[in-house]
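Each remark here refers to the structure printed beneath this line.
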Amino acid sequence: MTEKLKTILEQAGEELAKAGSLADAEALRVKLLGKKGQLTEILRSMKDYSPEERKTLGQAANEARAKIETMIAERTAELKKLAQEARFKAETLDVTEPGVSAVPGYKHLISLVIDDTIDFFSSMGYTIAEGPEIDTVHNNFDALNADPNHPSRDMTDTFYITDKVLLRTQTSDVQARVIAAQQPPIRLISPGRVFRCDTPDATHSPMFHQIEGLVVDEGITMADLKGVLDKYAKHLFGSHLATKFRPHHFPFTEPSAEMDVECFKCGGKGCNICKGSGWIEILGCGMVHPNVLKFGDYDTEKYTGFAFGIGVERIAMLKYGIDDMRLLYENDIRFISQFR
Ligand code: DAH
């Protein structure tokens, strides 16, 4: 029995020295000390010996067990250290190597103009309303007081899906939706895409962007409209520039106007940007026509409102001196990355 223990100890020493990994060391522990391990077997067979023998043998077996445990613990610690060293070696980081630079994304110029306009108007308490790009003839024309024979209704101008459904030609359709659905006070802007049967060229595109504005409340006058839009023009092009409002016609406003801003390039003297006039047309606007307000059953004696429509591409092209609208849709990163 003592011989056996000695052999086990010797073998354990040899095998442990050969154990190349933590898994090997663990396997050896199970082989020697586990439930079916060699040492456990020996301890189990002790019942066949006399009490005297059992005492000495037990002692020897316990000593052997302790020795094996220590040996395994030492080898395990050694192996752990080796494994860590190997890992450190493999993971060495060369801090002098050039890094992989991430190419940042850019907001498109159209988004920049829309975001800037949203910031400007939301700072004055305007909310943002959105409408679908596919809308009804009612919302896009009828509810906006467009004459049944208005030329913009023609198949040559408007993309019809059915005789009652179309791709909206203006974000003004959101006015119709909001007025039908909610009571004043209303103070909103609505950015979005609009569609018209146009062949793309330097100043036309079958799809472009508008931002609609609508305010309805008690006592709203043309002075409110002028105050807000003058501030917006100054925000866009420079606080020193004057604005003027020219009479115009839109079916859904009365009176209607177009707002011009003094040319930001020549300051009003006349140049190629303002085509010599000293003024640049910025947007359309007006006081909401009572025929439009009536679709919301509003008391038109009590409530009045103003509306405006901004052409996003137009603002972007003016502000950044872009002379061909198609550049805005080509998504050439060299073009897009210039506007940050
Ligand atoms: N919907 C007009 C257009 O597409 C733009 C416009 C003009 C909107 C005047 C308005 C407005 O709300 O008051 O040409």
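We name chains A, B, ... following the order of the structure tokens; residues begin at 1 in each chain, and ligands are numbered from 1 as shown.
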Using only C-alpha atoms and all ligand atoms, find each residue in chain A having at least one atom no more than 6 Å away from ligand 1; report its shortest atom-to-atom pair and that distance in Å (one decimal), rows by chain then rising number, as JSON lines.
```
{"residue": "A:Gln170", "atom": "CA", "partner": "ligand 1", "partner_atom_place_in_ligand_line": "4 (O)", "distance": 4.6}
{"residue": "A:Ser172", "atom": "CA", "partner": "ligand 1", "partner_atom_place_in_ligand_line": "1 (N)", "distance": 5.1}
{"residue": "A:Glu212", "atom": "CA", "partner": "ligand 1", "partner_atom_place_in_ligand_line": "12 (O)", "distance": 5.6}
{"residue": "A:Thr253", "atom": "CA", "partner": "ligand 1", "partner_atom_place_in_ligand_line": "13 (O)", "distance": 5.8}
{"residue": "A:Gly284", "atom": "CA", "partner": "ligand 1", "partner_atom_place_in_ligand_line": "7 (C)", "distance": 3.9}
{"residue": "A:Cys285", "atom": "CA", "partner": "ligand 1", "partner_atom_place_in_ligand_line": "13 (O)", "distance": 3.4}
{"residue": "A:Gly286", "atom": "CA", "partner": "ligand 1", "partner_atom_place_in_ligand_line": "13 (O)", "distance": 4.6}
{"residue": "A:Ala307", "atom": "CA", "partner": "ligand 1", "partner_atom_place_in_ligand_line": "13 (O)", "distance": 4.1}
{"residue": "A:Phe308", "atom": "CA", "partner": "ligand 1", "partner_atom_place_in_ligand_line": "12 (O)", "distance": 3.6}
{"residue": "A:Gly309", "atom": "CA", "partner": "ligand 1", "partner_atom_place_in_ligand_line": "8 (C)", "distance": 3.4}
```
Distance query Pro185 (chain A) at most 8 Å, only C-alpha atoms, self and fewer than 6 positions along chain excluded, as number ranges by chain = A: 215-218
Would you mind exporting C-alpha atoms of the selected residues as a PDB file, in the first residue's frame?
```
ATOM      1  CA  VAL A 215     -50.859  80.462 -37.682  1.00  0.00           C
ATOM      2  CA  VAL A 216     -54.530  80.854 -36.686  1.00  0.00           C
ATOM      3  CA  ASP A 217     -55.637  82.647 -33.542  1.00  0.00           C
ATOM      4  CA  GLU A 218     -57.710  85.556 -32.317  1.00  0.00           C
TER       5      GLU A 218
END
```
Using DSSP on the backbone, list every residue of region 127-270 of chain A that comes out as helix (DSSP H, G or I), and give them as a ChimeraX atom specification.
-> /A:137-140,142-144,151-153,173-181,222-237
Where does region 168-277 of chain A meet region 92-114 of chain A within 10 Å, residue by residue, with the nearest atom pair and distance in Å to one decimal for each, counting only C-alpha atoms, listed by chain and rising number, as a Markdown table?
```
| residue | atom | partner | partner_atom | distance |
| --- | --- | --- | --- | --- |
| A:Ser190 | CA | A:Ile114 | CA | 9.8 |
| A:Pro191 | CA | A:Ile114 | CA | 6.9 |
| A:Gly192 | CA | A:Ile114 | CA | 9.0 |
| A:Phe208 | CA | A:Ile110 | CA | 9.6 |
| A:His209 | CA | A:Ile110 | CA | 8.0 |
| A:Gln210 | CA | A:Ile114 | CA | 8.8 |
| A:Ile211 | CA | A:Ile114 | CA | 7.6 |
| A:Leu236 | CA | A:Val113 | CA | 9.4 |
```
Just write the chosen residues, N, CA, C and O atoms, as a tab-separated table (two decimals), in the first residue's frame.
```tsv
chain	number	residue	atom	x	y	z
A	190	SER	N	-44.56	72.93	-41.37
A	190	SER	CA	-44.66	71.58	-41.89
A	190	SER	C	-43.71	71.38	-43.06
A	190	SER	O	-44.00	71.79	-44.18
A	191	PRO	N	-42.56	70.77	-42.80
A	191	PRO	CA	-41.61	70.52	-43.89
A	191	PRO	C	-41.97	69.22	-44.63
A	191	PRO	O	-42.52	68.31	-44.01
A	192	GLY	N	-41.67	69.16	-45.91
A	192	GLY	CA	-41.93	67.90	-46.61
A	192	GLY	C	-41.64	67.97	-48.09
A	192	GLY	O	-41.25	69.01	-48.63
A	208	PHE	N	-39.38	68.19	-55.03
A	208	PHE	CA	-38.59	69.16	-54.27
A	208	PHE	C	-39.19	69.34	-52.88
A	208	PHE	O	-40.11	68.59	-52.51
A	209	HIS	N	-38.66	70.26	-52.10
A	209	HIS	CA	-39.07	70.37	-50.70
A	209	HIS	C	-39.66	71.75	-50.39
A	209	HIS	O	-39.17	72.76	-50.90
A	210	GLN	N	-40.68	71.74	-49.56
A	210	GLN	CA	-41.25	73.00	-49.09
A	210	GLN	C	-41.39	72.96	-47.58
A	210	GLN	O	-41.42	71.89	-46.97
A	211	ILE	N	-41.49	74.14	-47.00
A	211	ILE	CA	-41.85	74.23	-45.59
A	211	ILE	C	-43.06	75.16	-45.50
A	211	ILE	O	-43.00	76.31	-45.92
A	236	LEU	N	-31.85	84.22	-42.00
A	236	LEU	CA	-31.24	83.47	-43.10
A	236	LEU	C	-30.08	84.23	-43.73
A	236	LEU	O	-29.01	83.67	-43.99
```
Would you kindly return, as a ChimeraX atom specification, each protein, DNA or RNA residue with an atom no farther than 12 Å from any atom of Ser21 (chain A), considering only C-alpha atoms and excluding same-chain residues fewer than 3 positions away?
-> /A:15-18,24-28,72,75-84
Leaving out Lys269 (chain A) and any residue of its chain fewer than 2 positions from it, which residues lie within 6 Å of it when counting only C-alpha atoms, given as a PyMOL selection string?
-> chain A and resi 266-267+278
Please provide as a VMD selection string all residues within 12 Å of region 133-139 of chain A, with the sequence filter that same-chain residues fewer than 2 positions apart are discarded (counting only C-alpha atoms).
-> chain A and resid 130 to 131 141 to 148 152 to 154 158 to 180 191 to 196 207 to 210 252 292 295
Saved selection, atoms kept: N, CA and C atoms, as a compact mmCIF listing (two decimals), in the first residue's frame:
```txt
# COMPACT_ATOMS: atom_id res chain seq x y z
N GLU A 130 -46.67 67.00 -39.80
CA GLU A 130 -46.27 66.33 -41.02
C GLU A 130 -47.50 65.75 -41.72
N GLY A 131 -47.43 65.73 -43.03
CA GLY A 131 -48.53 65.13 -43.78
C GLY A 131 -47.97 64.14 -44.78
N PHE A 141 -56.21 70.67 -53.24
CA PHE A 141 -56.81 71.74 -54.06
C PHE A 141 -58.12 72.30 -53.49
N ASP A 142 -59.14 71.41 -53.38
CA ASP A 142 -60.49 71.89 -53.05
C ASP A 142 -60.53 72.66 -51.74
N ALA A 143 -59.98 72.06 -50.68
CA ALA A 143 -60.05 72.69 -49.36
C ALA A 143 -59.15 73.92 -49.27
N LEU A 144 -58.33 74.13 -50.33
CA LEU A 144 -57.45 75.30 -50.34
C LEU A 144 -57.99 76.37 -51.30
N ASN A 145 -59.27 76.25 -51.57
CA ASN A 145 -59.95 77.29 -52.36
C ASN A 145 -59.43 77.42 -53.78
N ALA A 146 -58.85 76.32 -54.31
CA ALA A 146 -58.36 76.38 -55.69
C ALA A 146 -59.55 76.27 -56.64
N ASP A 147 -59.58 77.15 -57.61
CA ASP A 147 -60.66 77.13 -58.59
C ASP A 147 -60.71 75.76 -59.29
N PRO A 148 -61.93 75.26 -59.55
CA PRO A 148 -62.03 73.94 -60.21
C PRO A 148 -61.26 73.90 -61.54
N SER A 152 -53.03 74.57 -62.21
CA SER A 152 -52.12 73.65 -61.50
C SER A 152 -52.76 72.27 -61.31
N ARG A 153 -54.11 72.18 -61.51
CA ARG A 153 -54.76 70.88 -61.38
C ARG A 153 -54.53 69.99 -62.60
N ASP A 154 -54.05 70.58 -63.69
CA ASP A 154 -53.90 69.83 -64.94
C ASP A 154 -53.02 68.59 -64.77
N THR A 158 -49.71 67.98 -62.41
CA THR A 158 -49.89 67.19 -61.19
C THR A 158 -49.84 65.70 -61.49
N PHE A 159 -49.16 64.95 -60.63
CA PHE A 159 -49.15 63.49 -60.76
C PHE A 159 -50.39 62.93 -60.07
N TYR A 160 -51.37 62.48 -60.87
CA TYR A 160 -52.57 61.87 -60.29
C TYR A 160 -52.37 60.37 -60.14
N ILE A 161 -52.87 59.82 -59.04
CA ILE A 161 -52.87 58.36 -58.84
C ILE A 161 -54.23 57.83 -59.24
N THR A 162 -55.30 58.48 -58.76
CA THR A 162 -56.66 58.25 -59.28
C THR A 162 -57.24 59.65 -59.48
N ASP A 163 -58.54 59.74 -59.80
CA ASP A 163 -59.09 61.08 -59.98
C ASP A 163 -59.30 61.80 -58.65
N LYS A 164 -59.15 61.06 -57.53
CA LYS A 164 -59.31 61.71 -56.22
C LYS A 164 -58.02 61.75 -55.40
N VAL A 165 -57.01 61.01 -55.87
CA VAL A 165 -55.76 60.89 -55.10
C VAL A 165 -54.58 61.29 -55.96
N LEU A 166 -53.63 61.99 -55.33
CA LEU A 166 -52.48 62.51 -56.10
C LEU A 166 -51.22 62.56 -55.25
N LEU A 167 -50.09 62.83 -55.90
CA LEU A 167 -48.87 63.17 -55.16
C LEU A 167 -48.99 64.65 -54.87
N ARG A 168 -48.95 65.05 -53.62
CA ARG A 168 -49.23 66.46 -53.32
C ARG A 168 -48.28 67.39 -54.07
N THR A 169 -48.81 68.50 -54.51
CA THR A 169 -48.01 69.46 -55.28
C THR A 169 -47.48 70.56 -54.38
N GLN A 170 -47.95 70.59 -53.12
CA GLN A 170 -47.55 71.65 -52.19
C GLN A 170 -47.78 71.17 -50.75
N THR A 171 -46.96 71.67 -49.83
CA THR A 171 -47.17 71.29 -48.43
C THR A 171 -48.38 72.02 -47.84
N SER A 172 -49.00 72.91 -48.63
CA SER A 172 -50.21 73.59 -48.16
C SER A 172 -51.33 72.60 -47.85
N ASP A 173 -51.23 71.36 -48.40
CA ASP A 173 -52.25 70.35 -48.08
C ASP A 173 -52.33 70.10 -46.57
N VAL A 174 -51.21 70.32 -45.87
CA VAL A 174 -51.20 70.12 -44.41
C VAL A 174 -52.11 71.15 -43.73
N GLN A 175 -52.20 72.35 -44.32
CA GLN A 175 -53.14 73.35 -43.78
C GLN A 175 -54.54 72.77 -43.74
N ALA A 176 -54.94 72.16 -44.89
CA ALA A 176 -56.30 71.60 -44.98
C ALA A 176 -56.52 70.51 -43.94
N ARG A 177 -55.52 69.65 -43.78
CA ARG A 177 -55.62 68.56 -42.80
C ARG A 177 -55.76 69.09 -41.38
N VAL A 178 -54.91 70.07 -41.04
CA VAL A 178 -54.90 70.57 -39.66
C VAL A 178 -56.18 71.34 -39.35
N ILE A 179 -56.59 72.18 -40.31
CA ILE A 179 -57.79 73.00 -40.08
C ILE A 179 -59.02 72.10 -39.89
N ALA A 180 -59.06 70.98 -40.65
CA ALA A 180 -60.21 70.07 -40.51
C ALA A 180 -60.17 69.32 -39.18
N PRO A 191 -42.56 70.77 -42.80
CA PRO A 191 -41.61 70.52 -43.89
C PRO A 191 -41.97 69.22 -44.63
N GLY A 192 -41.67 69.16 -45.91
CA GLY A 192 -41.93 67.90 -46.61
C GLY A 192 -41.64 67.97 -48.09
N ARG A 193 -41.83 66.80 -48.74
CA ARG A 193 -41.58 66.71 -50.19
C ARG A 193 -42.85 67.00 -50.96
N VAL A 194 -42.68 67.61 -52.12
CA VAL A 194 -43.81 67.85 -53.01
C VAL A 194 -43.41 67.44 -54.43
N PHE A 195 -44.42 67.24 -55.29
CA PHE A 195 -44.16 66.64 -56.60
C PHE A 195 -44.91 67.40 -57.70
N ARG A 196 -44.22 67.64 -58.79
CA ARG A 196 -44.88 68.27 -59.94
C ARG A 196 -44.31 67.69 -61.23
N MET A 207 -39.47 66.50 -58.02
CA MET A 207 -39.65 66.37 -56.58
C MET A 207 -38.81 67.47 -55.94
N PHE A 208 -39.38 68.19 -55.03
CA PHE A 208 -38.59 69.16 -54.27
C PHE A 208 -39.19 69.34 -52.88
N HIS A 209 -38.66 70.26 -52.10
CA HIS A 209 -39.07 70.37 -50.70
C HIS A 209 -39.66 71.75 -50.39
N GLN A 210 -40.68 71.74 -49.56
CA GLN A 210 -41.25 73.00 -49.09
C GLN A 210 -41.39 72.96 -47.58
N PHE A 252 -55.47 80.34 -51.64
CA PHE A 252 -55.79 80.07 -50.23
C PHE A 252 -55.47 81.22 -49.29
N VAL A 292 -60.97 78.84 -46.63
CA VAL A 292 -60.14 77.73 -46.14
C VAL A 292 -60.47 77.46 -44.68
N PHE A 295 -63.52 75.21 -43.59
CA PHE A 295 -63.46 73.75 -43.56
C PHE A 295 -63.21 73.22 -42.14
```
Mind listing the strand (DSSP E) residues of region 83-175 of chain A, per DSSP on the backbone, as a list in words?
->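 Listing strand (DSSP E) positions across region 83-175 of chain A yields Thr127, Ile128, Ile134, Asp135, Thr136, Val165, Leu166 and Leu167 of chain A.
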How would the residues just picked look written out with N, CA, C and O atoms as a CSV table (one decimal), in the first residue's frame?
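What ended up in selection.csv:
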```
chain,number,residue,atom,x,y,z
A,127,THR,N,-45.1,74.4,-33.5
A,127,THR,CA,-45.0,73.0,-33.5
A,127,THR,C,-44.7,72.5,-34.9
A,127,THR,O,-44.9,73.3,-35.9
A,128,ILE,N,-44.4,71.2,-35.1
A,128,ILE,CA,-44.1,70.7,-36.4
A,128,ILE,C,-45.2,69.7,-36.7
A,128,ILE,O,-45.5,68.8,-35.9
A,134,ILE,N,-48.7,61.3,-50.4
A,134,ILE,CA,-49.9,60.9,-51.2
A,134,ILE,C,-51.1,61.5,-50.5
A,134,ILE,O,-51.3,61.2,-49.3
A,135,ASP,N,-51.8,62.4,-51.2
A,135,ASP,CA,-52.9,63.0,-50.5
A,135,ASP,C,-54.1,63.1,-51.4
A,135,ASP,O,-54.1,62.7,-52.6
A,136,THR,N,-55.2,63.6,-50.9
A,136,THR,CA,-56.4,63.7,-51.7
A,136,THR,C,-56.5,65.0,-52.5
A,136,THR,O,-55.8,66.0,-52.2
A,165,VAL,N,-57.0,61.0,-55.9
A,165,VAL,CA,-55.8,60.9,-55.1
A,165,VAL,C,-54.6,61.3,-56.0
A,165,VAL,O,-54.5,61.0,-57.1
A,166,LEU,N,-53.6,62.0,-55.3
A,166,LEU,CA,-52.5,62.5,-56.1
A,166,LEU,C,-51.2,62.6,-55.2
A,166,LEU,O,-51.3,62.3,-54.0
A,167,LEU,N,-50.1,62.8,-55.9
A,167,LEU,CA,-48.9,63.2,-55.2
A,167,LEU,C,-49.0,64.7,-54.9
A,167,LEU,O,-49.2,65.4,-55.8
```
Distance query region 41-50 of chain A at most 12 Å, only C-alpha atoms, self and fewer than 2 positions along chain excluded, as a ChimeraX atom specification = /A:1-5,8,31-39,52-62,64-65
Write out the residues from the selection above, keeping C-alpha atoms, as a CSV table (one decimal), in the first residue's frame.
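Full text of selection.csv as output:
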```csv
chain,number,residue,atom,x,y,z
A,1,MET,CA,0.0,0.0,0.0
A,2,THR,CA,2.8,2.4,1.0
A,3,GLU,CA,4.5,1.4,-2.2
A,4,LYS,CA,1.5,2.2,-4.2
A,5,LEU,CA,1.2,5.6,-2.6
A,8,ILE,CA,1.2,7.5,-7.3
A,31,LYS,CA,-7.6,11.2,-12.2
A,32,LEU,CA,-5.9,11.3,-8.7
A,33,LEU,CA,-8.3,12.9,-6.3
A,34,GLY,CA,-11.7,12.7,-8.0
A,35,LYS,CA,-14.5,10.4,-6.9
A,36,LYS,CA,-13.1,7.6,-8.9
A,37,GLY,CA,-9.5,8.8,-8.5
A,38,GLN,CA,-6.5,6.6,-7.7
A,39,LEU,CA,-6.1,8.0,-4.2
A,52,GLU,CA,-3.5,-0.4,13.5
A,53,GLU,CA,-2.5,-0.6,9.8
A,54,ARG,CA,-5.4,1.7,9.0
A,55,LYS,CA,-4.0,4.4,11.2
A,56,THR,CA,-0.6,4.5,9.6
A,57,LEU,CA,-1.9,4.0,6.1
A,58,GLY,CA,-4.5,6.7,6.7
A,59,GLN,CA,-1.9,9.1,7.8
A,60,ALA,CA,0.3,8.3,4.8
A,61,ALA,CA,-2.7,8.6,2.4
A,62,ASN,CA,-3.6,12.0,3.8
A,64,ALA,CA,0.0,12.0,-0.1
A,65,ARG,CA,-3.2,13.8,-0.8
```
Which distance in Å separates CA of Leu214 (chain A) and CA of Phe121 (chain A), to one decimal?
->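 Rounded to one decimal, the two atoms are 11.2 Å apart.
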Quick one: everything within 12 Å of Lys231 (chain A), counting only C-alpha atoms, minus sequence neighbours fewer than 6 positions away in the same chain. Send it as a VMD selection string.
-> chain A and resid 117 120 to 121 124 224 to 225 237 to 243 259 261
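If you measure from each of A:Asn331, A:Arg326, A:Glu74, A:Pro247 to Ser205 (chain A) using only C-alpha atoms, the closest one turns out to be A:Arg326.
The gap separating CA of Val312 (chain A) from CA of Ala257 (chain A) is 18.1 Å, in Å to one decimal.
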For Pro290 (chain A), which residue among A:Gln338, A:Pro251, A:Arg314, A:Pro184 is the nearest when counting only C-alpha atoms?
->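 Of A:Gln338, A:Pro251, A:Arg314, A:Pro184, the one nearest Pro290 (chain A), counting only C-alpha atoms, is A:Pro251.
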Find, counting only C-alpha atoms, the residue in A:Glu85, A:Glu281, A:Ile273, A:Pro255 that gets nearest to Ile322 (chain A).
->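 Checking each candidate against Ile322 (chain A), we get A:Ile273 as the closest.
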